[in-house]
file coords-v5.tsv (TSV, C-alpha atoms)
chain	number	residue	atom	x	y	z
A	1	MET	CA	48.10	-69.07	55.94
A	2	ASN	CA	47.90	-66.02	53.76
A	3	THR	CA	46.81	-68.06	50.78
A	4	TYR	CA	43.44	-68.65	52.42
A	5	LYS	CA	42.51	-65.05	52.29
A	6	SER	CA	42.94	-64.49	48.59
A	7	PRO	CA	39.73	-66.19	47.32
A	8	ARG	CA	37.71	-63.66	49.18
A	9	LYS	CA	39.06	-60.83	47.06
A	10	ARG	CA	37.68	-62.40	43.93
A	11	LEU	CA	34.14	-62.32	45.18
A	12	ARG	CA	33.97	-58.60	45.39
A	13	PRO	CA	33.41	-56.92	42.00
A	14	THR	CA	29.63	-57.36	41.77
A	15	GLY	CA	28.39	-53.83	42.39
A	16	THR	CA	27.60	-52.96	38.76
A	17	SER	CA	24.94	-55.61	38.17
A	18	LEU	CA	23.21	-54.69	41.40
A	19	ARG	CA	23.16	-51.05	40.40
A	20	LYS	CA	21.62	-51.95	37.04
A	21	CYS	CA	18.83	-53.76	38.82
A	22	LEU	CA	18.18	-50.81	41.06
A	23	PHE	CA	17.84	-48.68	37.95
A	24	LEU	CA	15.18	-50.97	36.54
A	25	LEU	CA	13.13	-50.89	39.69
A	26	PRO	CA	11.63	-47.38	39.44
A	27	MET	CA	10.94	-47.92	35.73
A	28	LEU	CA	8.90	-50.98	36.52
A	29	LEU	CA	7.03	-49.08	39.18
A	30	LEU	CA	6.15	-46.35	36.69
A	31	GLY	CA	4.86	-49.01	34.32
A	32	ALA	CA	2.68	-50.49	37.01
A	33	GLY	CA	1.36	-47.05	37.86
A	34	ALA	CA	0.37	-46.39	34.27
A	35	LEU	CA	-1.61	-49.60	34.12
A	36	ALA	CA	-3.73	-48.51	37.04
A	37	GLN	CA	-5.26	-45.55	35.19
A	38	GLU	CA	-8.96	-44.97	35.18
A	39	ASP	CA	-11.48	-42.34	34.18
A	40	ALA	CA	-11.62	-38.86	35.66
A	41	ILE	CA	-14.74	-39.66	37.67
A	42	GLY	CA	-13.01	-42.52	39.42
A	43	GLN	CA	-9.86	-40.50	39.91
A	44	PHE	CA	-11.27	-37.27	41.23
A	45	PHE	CA	-14.89	-37.97	42.12
A	46	GLY	CA	-14.67	-41.44	43.59
A	47	LYS	CA	-15.88	-40.12	46.91
A	48	TYR	CA	-19.18	-38.96	45.36
A	49	LEU	CA	-20.06	-42.26	43.73
A	50	ASP	CA	-21.83	-43.42	46.89
A	51	ASP	CA	-23.10	-39.99	47.82
A	52	PRO	CA	-26.95	-39.99	47.90
A	53	ARG	CA	-27.05	-36.50	46.35
A	54	PHE	CA	-25.54	-37.86	43.16
A	55	THR	CA	-26.97	-39.98	40.42
A	56	VAL	CA	-24.53	-42.32	38.79
A	57	ILE	CA	-24.88	-44.00	35.45
A	58	SER	CA	-22.15	-46.31	34.37
A	59	VAL	CA	-21.56	-48.68	31.53
A	60	SER	CA	-18.67	-51.05	32.03
A	61	PRO	CA	-16.27	-52.38	29.40
A	62	ARG	CA	-18.02	-55.73	29.78
A	63	MET	CA	-21.35	-54.16	28.88
A	64	PHE	CA	-19.78	-52.48	25.86
A	65	ARG	CA	-18.68	-55.89	24.70
A	66	LEU	CA	-22.19	-57.23	25.20
A	67	MET	CA	-23.59	-54.32	23.22
A	68	SER	CA	-21.94	-55.58	20.10
A	69	LYS	CA	-24.47	-58.41	20.17
A	70	VAL	CA	-27.60	-56.27	20.18
A	71	ARG	CA	-29.43	-55.28	17.01
A	72	TRP	CA	-27.65	-52.48	15.29
A	73	ASP	CA	-29.84	-52.01	12.21
A	74	THR	CA	-31.62	-48.98	13.66
A	75	VAL	CA	-28.38	-47.33	14.70
A	76	PRO	CA	-26.75	-44.81	12.34
A	77	GLY	CA	-23.26	-45.61	11.11
A	78	ASP	CA	-21.38	-42.81	12.85
A	79	LEU	CA	-22.98	-43.66	16.15
A	80	LYS	CA	-22.22	-47.30	15.67
A	81	GLN	CA	-18.56	-46.62	15.06
A	82	THR	CA	-18.33	-44.19	17.94
A	83	VAL	CA	-19.87	-46.66	20.35
A	84	ALA	CA	-17.73	-49.48	19.05
A	85	ASN	CA	-14.61	-47.48	19.92
A	86	LEU	CA	-15.73	-46.72	23.45
A	87	HIS	CA	-14.37	-48.64	26.34
A	88	SER	CA	-16.40	-47.41	29.26
A	89	PHE	CA	-18.79	-44.62	30.10
A	90	ARG	CA	-19.79	-42.91	33.30
A	91	VAL	CA	-22.02	-40.05	34.32
A	92	LEU	CA	-22.19	-38.42	37.67
A	93	SER	CA	-24.90	-35.83	38.18
A	94	THR	CA	-26.61	-33.95	40.94
A	95	ASP	CA	-29.08	-31.12	41.36
A	96	SER	CA	-27.82	-29.94	44.74
A	97	THR	CA	-25.36	-27.03	44.80
A	98	PRO	CA	-24.42	-27.53	41.13
A	99	LEU	CA	-22.18	-24.48	40.82
A	100	ARG	CA	-20.21	-25.45	43.88
A	101	PHE	CA	-19.54	-28.87	42.39
A	102	TYR	CA	-18.63	-27.29	39.09
A	103	LYS	CA	-15.97	-25.19	40.80
A	104	GLU	CA	-14.80	-28.20	42.74
A	105	ALA	CA	-14.51	-30.22	39.55
A	106	LEU	CA	-12.31	-27.59	37.96
A	107	THR	CA	-9.95	-27.61	40.92
A	108	LEU	CA	-9.91	-31.38	41.37
A	109	ILE	CA	-9.16	-32.36	37.82
A	110	ASP	CA	-5.48	-32.75	37.22
A	111	ARG	CA	-4.49	-30.40	34.39
A	112	LYS	CA	-1.37	-32.38	33.71
A	113	GLN	CA	-3.55	-35.24	32.50
A	114	TYR	CA	-6.56	-33.39	31.17
A	115	GLU	CA	-6.35	-30.67	28.62
A	116	GLU	CA	-9.10	-28.19	28.14
A	117	LEU	CA	-10.76	-28.46	24.76
A	118	ILE	CA	-13.75	-26.14	24.65
A	119	THR	CA	-15.46	-23.98	27.20
A	120	VAL	CA	-18.93	-22.65	26.55
A	121	ARG	CA	-20.22	-20.01	28.88
A	122	SER	CA	-23.57	-18.42	28.37
A	123	GLY	CA	-26.05	-16.60	30.55
A	124	GLY	CA	-23.41	-14.86	32.63
A	125	SER	CA	-21.40	-17.33	34.64
A	126	LYS	CA	-24.39	-19.44	35.49
A	127	ASP	CA	-24.43	-21.74	32.51
A	128	ASN	CA	-21.24	-23.56	31.75
A	129	VAL	CA	-20.09	-26.47	29.69
A	130	ARG	CA	-16.50	-27.48	29.54
A	131	PHE	CA	-14.85	-30.26	27.56
A	132	MET	CA	-11.60	-31.77	28.63
A	133	ILE	CA	-9.61	-34.46	26.95
A	134	ARG	CA	-6.95	-36.86	27.98
A	135	GLU	CA	-4.61	-37.81	25.19
A	136	ASN	CA	-2.63	-40.96	24.66
A	137	GLY	CA	-0.16	-40.23	21.91
A	138	ASP	CA	-2.15	-38.72	19.01
A	139	LYS	CA	-5.41	-40.22	20.13
A	140	ILE	CA	-7.97	-38.93	22.56
A	141	SER	CA	-8.34	-41.59	25.19
A	142	GLU	CA	-10.94	-39.87	27.31
A	143	LEU	CA	-13.46	-37.14	26.74
A	144	LEU	CA	-14.80	-35.42	29.79
A	145	MET	CA	-17.77	-33.10	29.76
A	146	ILE	CA	-18.43	-30.93	32.76
A	147	ALA	CA	-21.70	-29.08	32.63
A	148	ALA	CA	-23.41	-26.94	35.19
A	149	ASP	CA	-26.24	-24.48	35.43
A	150	GLU	CA	-28.48	-23.53	38.31
A	151	GLU	CA	-30.46	-26.70	37.97
A	152	GLY	CA	-27.78	-29.29	37.92
A	153	PHE	CA	-24.23	-30.40	37.63
A	154	THR	CA	-23.16	-33.19	35.29
A	155	LEU	CA	-19.84	-34.87	34.85
A	156	MET	CA	-19.68	-37.21	31.91
A	157	SER	CA	-16.74	-39.34	30.93
A	158	PHE	CA	-16.22	-41.36	27.76
A	159	VAL	CA	-13.19	-43.60	27.80
A	160	GLY	CA	-12.02	-45.17	24.57
A	161	ASP	CA	-10.69	-44.14	21.22
A	162	ILE	CA	-12.59	-40.92	20.60
A	163	ASP	CA	-13.01	-39.23	17.26
A	164	LEU	CA	-14.24	-35.70	17.80
A	165	ASP	CA	-15.31	-35.21	14.18
A	166	LYS	CA	-17.52	-38.26	14.26
A	167	LEU	CA	-18.89	-37.17	17.59
A	168	SER	CA	-19.84	-33.74	16.35
A	169	ARG	CA	-21.47	-35.25	13.27
A	170	LEU	CA	-23.78	-37.28	15.50
A	171	SER	CA	-25.94	-34.31	16.37
A	172	ALA	CA	-25.22	-32.16	13.33
A	173	ASP	CA	-27.20	-34.57	11.18
A	174	MET	CA	-30.05	-34.81	13.53
A	175	ASP	CA	-33.22	-32.96	14.16
A	176	ILE	CA	-32.46	-30.50	16.94
A	177	LYS	CA	-36.03	-30.71	18.17
A	178	GLY	CA	-36.26	-31.98	21.71
A	179	MET	CA	-32.55	-31.73	22.23
A	180	GLU	CA	-32.73	-28.63	24.38
A	181	LYS	CA	-33.55	-30.68	27.42
A	182	LEU	CA	-30.55	-32.88	26.95
A	183	LYS	CA	-27.93	-30.28	27.68
A	184	ASN	CA	-27.78	-31.30	31.28
A	185	TYR	CA	-27.97	-34.96	31.04
A	186	LYS	CA	-29.89	-36.49	33.90
A	187	HIS	CA	-31.02	-39.97	34.62
A	188	LYS	CA	-34.59	-40.40	33.32
B	1	MET	CA	59.25	-76.31	72.39
B	2	GLU	CA	57.52	-76.95	75.68
B	3	LYS	CA	54.20	-78.72	75.51
B	4	ALA	CA	52.66	-76.07	77.79
B	5	ALA	CA	53.91	-73.29	75.53
B	6	VAL	CA	52.50	-75.03	72.49
B	7	ILE	CA	49.16	-75.53	74.19
B	8	ALA	CA	49.09	-71.87	75.17
B	9	LEU	CA	49.90	-70.86	71.59
B	10	LEU	CA	47.28	-73.23	70.24
B	11	GLU	CA	44.74	-71.79	72.60
B	12	ARG	CA	45.42	-68.32	71.27
B	13	TYR	CA	45.59	-69.67	67.71
B	14	TRP	CA	42.03	-70.95	67.96
B	15	GLN	CA	41.02	-67.56	69.23
B	16	ALA	CA	42.76	-66.04	66.20
B	17	GLU	CA	44.94	-63.96	68.47
B	18	THR	CA	48.31	-65.24	67.33
B	19	THR	CA	50.69	-63.20	65.22
B	20	ILE	CA	51.92	-64.49	61.90
B	21	ALA	CA	55.33	-65.23	63.44
B	22	GLU	CA	53.66	-67.29	66.16
B	23	GLU	CA	51.61	-69.16	63.61
B	24	GLN	CA	54.75	-69.93	61.72
B	25	THR	CA	56.31	-71.23	64.95
B	26	LEU	CA	53.31	-73.47	65.48
B	27	ALA	CA	53.44	-74.73	61.91
B	28	ALA	CA	57.18	-75.41	62.24
B	29	TYR	CA	56.60	-77.28	65.49
B	30	PHE	CA	54.02	-79.58	63.96
B	31	GLN	CA	56.13	-80.05	60.84
B	32	GLY	CA	59.07	-81.08	63.00
B	33	GLY	CA	59.63	-84.63	64.22
B	34	HIS	CA	59.20	-84.01	67.95
B	35	VAL	CA	55.52	-83.58	68.40
B	36	ASP	CA	54.32	-84.34	71.88
B	37	PRO	CA	52.11	-87.47	71.84
B	38	GLY	CA	49.39	-85.51	73.61
B	39	LEU	CA	49.31	-83.05	70.70
B	40	GLU	CA	49.50	-85.69	68.00
B	41	ALA	CA	45.90	-84.99	67.02
B	42	TYR	CA	46.77	-81.44	65.91
B	43	ARG	CA	49.55	-82.59	63.66
B	44	ASP	CA	47.13	-83.66	61.00
B	45	VAL	CA	45.42	-80.31	61.10
B	46	PHE	CA	48.62	-78.40	60.51
B	47	SER	CA	49.93	-80.78	57.89
B	48	TYR	CA	46.64	-80.40	56.07
B	49	PHE	CA	47.02	-76.61	56.12
B	50	HIS	CA	50.57	-76.97	54.89
B	51	GLU	CA	49.64	-79.29	52.03
B	52	GLU	CA	46.73	-77.20	50.89
B	53	ALA	CA	48.89	-74.11	50.89
B	54	GLN	CA	51.14	-75.82	48.34
B	55	VAL	CA	48.31	-76.20	45.86
B	56	SER	CA	48.56	-73.69	43.04
B	57	ALA	CA	46.58	-73.15	39.90
B	58	GLY	CA	49.51	-74.16	37.70
B	59	PRO	CA	51.21	-72.14	34.99
B	60	ASP	CA	48.55	-72.38	32.28
B	61	PHE	CA	45.52	-72.27	34.57
B	62	GLY	CA	44.22	-69.03	33.08
B	63	ASN	CA	44.38	-70.36	29.54
B	64	ARG	CA	42.71	-73.61	30.50
B	65	ILE	CA	39.82	-71.67	31.97
B	66	LEU	CA	39.60	-69.43	28.92
B	67	GLN	CA	39.52	-72.53	26.76
B	68	ARG	CA	36.67	-73.99	28.80
B	69	LEU	CA	34.78	-70.73	28.44
B	70	GLY	CA	35.43	-70.65	24.70
B	71	LEU	CA	37.22	-67.30	24.94
B	72	PRO	CA	40.42	-66.37	23.09
B	73	LEU	CA	43.53	-67.38	24.95
B	74	ASP	CA	45.43	-64.85	26.99
B	75	GLY	CA	48.41	-64.74	24.63
B	76	GLU	CA	46.30	-64.26	21.50
B	77	ASP	CA	45.07	-60.84	22.49
B	78	ALA	CA	48.62	-59.59	22.46
B	79	GLY	CA	49.08	-61.22	19.05
B	80	ALA	CA	51.06	-64.14	17.64
B	81	GLY	CA	49.83	-66.59	20.27
B	82	VAL	CA	53.10	-66.48	22.17
B	83	PRO	CA	52.87	-68.22	25.55
B	84	VAL	CA	52.33	-65.77	28.33
B	85	HIS	CA	55.42	-66.65	30.22
B	86	GLY	CA	57.60	-66.01	27.25
B	87	GLN	CA	56.21	-62.52	26.98
B	88	ASN	CA	56.24	-61.67	30.59
B	89	PRO	CA	59.08	-63.35	32.43
B	90	ALA	CA	58.77	-61.09	35.47
B	91	THR	CA	55.53	-62.78	36.48
B	92	GLY	CA	56.82	-66.13	37.65
B	93	PRO	CA	54.97	-69.38	37.07
B	94	ASP	CA	52.44	-68.94	39.84
B	95	ALA	CA	48.74	-68.38	39.29
B	96	SER	CA	48.86	-64.68	40.10
B	97	ALA	CA	49.70	-63.82	36.49
B	98	HIS	CA	46.31	-65.25	35.53
B	99	GLU	CA	44.31	-63.76	38.31
B	100	ALA	CA	42.17	-61.69	35.92
B	101	PRO	CA	40.84	-64.59	33.76
B	102	VAL	CA	39.88	-66.45	36.94
B	103	VAL	CA	37.64	-63.65	38.11
B	104	PRO	CA	34.62	-64.26	35.82
B	105	MET	CA	34.62	-67.88	36.86
B	106	THR	CA	34.21	-67.14	40.54
B	107	ARG	CA	31.95	-64.18	39.94
B	108	GLN	CA	29.29	-65.93	37.97
B	109	PRO	CA	27.39	-67.78	40.73
B	110	PHE	CA	27.51	-64.83	43.06
B	111	ARG	CA	26.20	-62.41	40.43
B	112	LEU	CA	23.33	-64.73	39.63
B	113	GLY	CA	22.45	-64.71	43.29
B	114	VAL	CA	22.33	-60.93	43.43
B	115	MET	CA	20.38	-60.75	40.17
B	116	GLY	CA	17.92	-63.29	41.47
B	117	ALA	CA	17.42	-61.42	44.69
B	118	ALA	CA	16.96	-58.13	42.83
B	119	ALA	CA	14.51	-59.73	40.41
B	120	ALA	CA	12.53	-61.14	43.31
B	121	ILE	CA	12.34	-57.72	44.94
B	122	VAL	CA	11.24	-56.16	41.67
B	123	LEU	CA	8.52	-58.76	41.23
B	124	ILE	CA	7.26	-58.37	44.77
B	125	VAL	CA	7.13	-54.59	44.60
B	126	ALA	CA	5.55	-54.60	41.14
B	127	GLY	CA	3.04	-57.15	42.40
B	128	LEU	CA	2.14	-54.96	45.34
B	129	PHE	CA	1.58	-52.10	42.95
B	130	LEU	CA	-0.58	-54.09	40.59
B	131	LEU	CA	-2.64	-55.81	43.25
B	132	ARG	CA	-3.15	-52.68	45.28
B	133	PRO	CA	-6.70	-51.32	44.98
B	134	ILE	CA	-6.55	-49.54	41.66
B	135	GLY	CA	-8.76	-46.70	42.77
B	136	GLN	CA	-5.98	-45.45	45.01
B	137	PRO	CA	-4.02	-42.72	43.29
B	138	THR	CA	-0.72	-43.66	41.70
B	139	MET	CA	2.53	-42.21	42.88
B	140	LEU	CA	2.36	-39.75	40.02
B	141	ALA	CA	-0.97	-38.28	41.02
B	142	ASP	CA	-1.13	-34.83	42.50
B	143	THR	CA	-0.57	-34.92	46.24
B	144	ARG	CA	-3.59	-32.73	46.73
B	145	VAL	CA	-5.67	-35.40	45.12
B	146	THR	CA	-3.94	-38.12	47.09
B	147	SER	CA	-5.05	-36.85	50.44
B	148	LYS	CA	-8.65	-36.48	49.32
B	149	ALA	CA	-8.95	-39.80	47.60
B	150	GLN	CA	-7.28	-41.77	50.37
B	151	ASP	CA	-10.42	-42.98	52.08
B	152	THR	CA	-12.30	-43.99	48.95
B	153	PRO	CA	-12.51	-47.70	48.26
B	154	ARG	CA	-11.65	-49.12	44.87
B	155	ARG	CA	-13.39	-47.42	41.98
B	156	ALA	CA	-11.72	-48.81	38.92
B	157	ASP	CA	-14.25	-51.57	38.44
B	158	ILE	CA	-17.19	-49.73	36.99
B	159	ALA	CA	-20.43	-51.15	38.29
B	160	ASP	CA	-23.05	-51.44	35.58
B	161	THR	CA	-26.19	-49.40	35.93
B	162	TYR	CA	-27.97	-51.44	33.29
B	163	ASP	CA	-28.22	-55.18	32.97
B	164	ASP	CA	-29.60	-54.99	29.48
B	165	PRO	CA	-27.14	-54.04	26.73
B	166	GLN	CA	-30.00	-52.49	24.77
B	167	GLN	CA	-30.72	-50.07	27.61
B	168	ALA	CA	-27.04	-49.38	28.11
B	169	LEU	CA	-26.72	-48.60	24.42
B	170	ALA	CA	-29.66	-46.24	24.61
B	171	ALA	CA	-28.08	-44.43	27.54
B	172	VAL	CA	-24.72	-44.17	25.83
B	173	ARG	CA	-26.43	-42.97	22.69
B	174	ARG	CA	-28.28	-40.24	24.54
B	175	ALA	CA	-25.11	-39.19	26.32
B	176	LEU	CA	-23.18	-39.08	23.07
B	177	LEU	CA	-25.84	-36.87	21.57
B	178	VAL	CA	-25.66	-34.50	24.52
B	179	ALA	CA	-21.90	-34.34	24.27
B	180	SER	CA	-22.05	-33.94	20.53
B	181	ARG	CA	-24.55	-31.15	20.73
B	182	ASN	CA	-22.59	-29.26	23.35
B	183	LEU	CA	-19.44	-29.76	21.38
B	184	ASN	CA	-21.03	-28.32	18.28
B	185	GLN	CA	-22.43	-25.40	20.19
B	186	GLY	CA	-18.98	-24.67	21.53
B	187	ARG	CA	-17.46	-24.89	18.07
B	188	ARG	CA	-20.13	-22.65	16.59
B	189	GLU	CA	-19.46	-20.04	19.20
B	190	ILE	CA	-15.74	-20.21	18.64
B	191	SER	CA	-16.13	-19.82	14.89
B	192	GLY	CA	-18.72	-17.06	15.52
B	193	THR	CA	-16.35	-14.96	17.59
B	194	SER	CA	-13.46	-15.40	15.23
B	195	LYS	CA	-15.43	-14.00	12.29

call {"tool": "encode", "arguments": {"input": "coords-v5.tsv", "output": "structure tokens"}}
result
Amino acid sequence: MNTYKSPRKRLRPTGTSLRKCLFLLPMLLLGAGALAQEDAIGQFFGKYLDDPRFTVISVSPRMFRLMSKVRWDTVPGDLKQTVANLHSFRVLSTDSTPLRFYKEALTLIDRKQYEELITVRSGGSKDNVRFMIRENGDKISELLMIAADEEGFTLMSFVGDIDLDKLSRLSADMDIKGMEKLKNYKHK
Amino acid sequence: MEKAAVIALLERYWQAETTIAEEQTLAAYFQGGHVDPGLEAYRDVFSYFHEEAQVSAGPDFGNRILQRLGLPLDGEDAGAGVPVHGQNPATGPDASAHEAPVVPMTRQPFRLGVMGAAAAIVLIVAGLFLLRPIGQPTMLADTRVTSKAQDTPRRADIADTYDDPQQALAAVRRALLVASRNLNQGRREISGTSK
């Protein structure tokens, strides 16, 4: 009778392969999490996108693809290249309690993902512009501008492959006239 | 042995309550010539057990398996290709000497089953993650953010403000100029203070 028990012993040593699989599991989950990334506005300000106090302007990746079909002859080269490397664009702005939202933005944005690039503060603490970037390897994958003064709060996010030198050349070449009003970018 | 005693033993045998000695008694009884006609039906059962217990893998079972698997024979590892039994006379001709080579053979189907189950779990969980509304924070996100963003619906799909690419381009262009200008102002101020 004893002979009937022995086959069972042979079935046992299987633990190692199972353990290997369990190792793979969290790695896959991390991968899936990374795919679900989005811009800072979606991540931290999603709740304000439907808020009537805010104005939202967004340009989807699909629209960026469509843009490549419009007439580009009037568009300067640097601008053309910058736009071509963008993936999506979003602006969230409001004129109610701008400084409160500015403070909120600074606390909400995850500093592990977004690194501060430049902060401009003028006129006491009432006029602020802050640039933050998210990097993906050597490249800047998102540029975030947070601007606030007493009149308004603006959060602007460019997602794509961003070249800061090209970006700064865009306005350096241009006539500064009429640009004053653009510091706080508002819809129309 | 009394028929009643055998029946009692059988009863306990089916309940798996018999000792090994008792089982051997039962086996001996059914092997013997004097099986009660009323118990004739059980004789086949016990003779089957007896016959099957005689089956062994044979002396070169391990090597035959290795051959089928295309692996080097057992003796060759030790060198000179000497038959195993020549090298190791203590191990008798039964299959136990070759227990190790048999193992992969019986393991294979079972391991595939476990791998398959694990792969299925991985796929399901990964699928849940991917199909989950993307606006929800990932596991990596700050917990502070998690609690606040919980009630927001999905935000990853950016709704277009403009239907016309020309208008969208104009808006992006304006925004880029604003960003560019602010960036330059910031840089000017930084270079101004450092001088």

call {"tool": "closest_residue", "arguments": {"input": "coords-v5.tsv", "among": "B:Arg188, B:Arg173, B:Arg181, B:Arg64", "to": "Pro76 (chain A)", "atoms": "all atoms listed in the file"}}
result
B:Arg173

call {"tool": "closest_residue", "arguments": {"input": "coords-v5.tsv", "among": "A:Ser171, A:Gln113, A:Gln81, A:Thr97", "to": "chain B", "atoms": "all atoms listed in the file"}}
result
A:Ser171

call {"tool": "residues_near_point", "arguments": {"input": "coords-v5.tsv", "point": "(-6.0, -40.6, 17.9)", "cutoff": "10 Å", "atoms": "all atoms listed in the file", "output": "MDAnalysis selection string"}}
result
chainID A and resid 135:141 161:164

call {"tool": "closest_residue", "arguments": {"input": "coords-v5.tsv", "among": "A:Ser122, A:Ser93, A:Thr74, A:Ser168", "to": "chain B", "atoms": "only C-alpha atoms"}}
result
A:Ser168

call {"tool": "residues_around", "arguments": {"input": "coords-v5.tsv", "residues": "Glu151 (chain A)", "least_positions_apart": "4", "cutoff": "8 Å", "atoms": "only C-alpha atoms", "output": "PyMOL selection string"}}
result
chain A and resi 95-96+98

call {"tool": "build_atoms", "arguments": {"input": "coords-v5.tsv", "residues": "region 157-174 of chain B", "atoms": "N, CA and C atoms", "output": "tab-separated table (two decimals), keeping the file's coordinate frame"}}
result
chain	number	residue	atom	x	y	z
B	157	ASP	N	-13.27	-50.68	39.03
B	157	ASP	CA	-14.25	-51.57	38.44
B	157	ASP	C	-15.58	-50.85	38.38
B	158	ILE	N	-15.98	-50.52	37.18
B	158	ILE	CA	-17.19	-49.73	36.99
B	158	ILE	C	-18.39	-50.66	37.13
B	159	ALA	N	-19.23	-50.33	38.10
B	159	ALA	CA	-20.43	-51.15	38.29
B	159	ALA	C	-21.46	-50.75	37.24
B	160	ASP	N	-22.07	-51.73	36.63
B	160	ASP	CA	-23.05	-51.44	35.58
B	160	ASP	C	-24.36	-50.93	36.17
B	161	THR	N	-24.88	-49.88	35.53
B	161	THR	CA	-26.19	-49.40	35.93
B	161	THR	C	-27.27	-50.25	35.26
B	162	TYR	N	-26.98	-50.68	34.06
B	162	TYR	CA	-27.97	-51.44	33.29
B	162	TYR	C	-27.54	-52.90	33.16
B	163	ASP	N	-28.52	-53.77	33.22
B	163	ASP	CA	-28.22	-55.18	32.97
B	163	ASP	C	-28.44	-55.53	31.51
B	164	ASP	N	-29.22	-54.70	30.85
B	164	ASP	CA	-29.60	-54.99	29.48
B	164	ASP	C	-28.74	-54.15	28.52
B	165	PRO	N	-27.99	-54.79	27.66
B	165	PRO	CA	-27.14	-54.04	26.73
B	165	PRO	C	-27.93	-53.04	25.89
B	166	GLN	N	-29.17	-53.39	25.58
B	166	GLN	CA	-30.00	-52.49	24.77
B	166	GLN	C	-30.22	-51.17	25.50
B	167	GLN	N	-30.52	-51.27	26.80
B	167	GLN	CA	-30.72	-50.07	27.61
B	167	GLN	C	-29.41	-49.30	27.75
B	168	ALA	N	-28.34	-50.03	27.97
B	168	ALA	CA	-27.04	-49.38	28.11
B	168	ALA	C	-26.70	-48.62	26.83
B	169	LEU	N	-26.98	-49.25	25.70
B	169	LEU	CA	-26.72	-48.60	24.42
B	169	LEU	C	-27.54	-47.32	24.28
B	170	ALA	N	-28.80	-47.42	24.69
B	170	ALA	CA	-29.66	-46.24	24.61
B	170	ALA	C	-29.10	-45.11	25.46
B	171	ALA	N	-28.63	-45.46	26.65
B	171	ALA	CA	-28.08	-44.43	27.54
B	171	ALA	C	-26.82	-43.81	26.95
B	172	VAL	N	-25.96	-44.66	26.42
B	172	VAL	CA	-24.72	-44.17	25.83
B	172	VAL	C	-25.04	-43.29	24.64
B	173	ARG	N	-26.04	-43.71	23.88
B	173	ARG	CA	-26.43	-42.97	22.69
B	173	ARG	C	-26.93	-41.58	23.06
B	174	ARG	N	-27.78	-41.53	24.08
B	174	ARG	CA	-28.28	-40.24	24.54
B	174	ARG	C	-27.13	-39.36	25.00
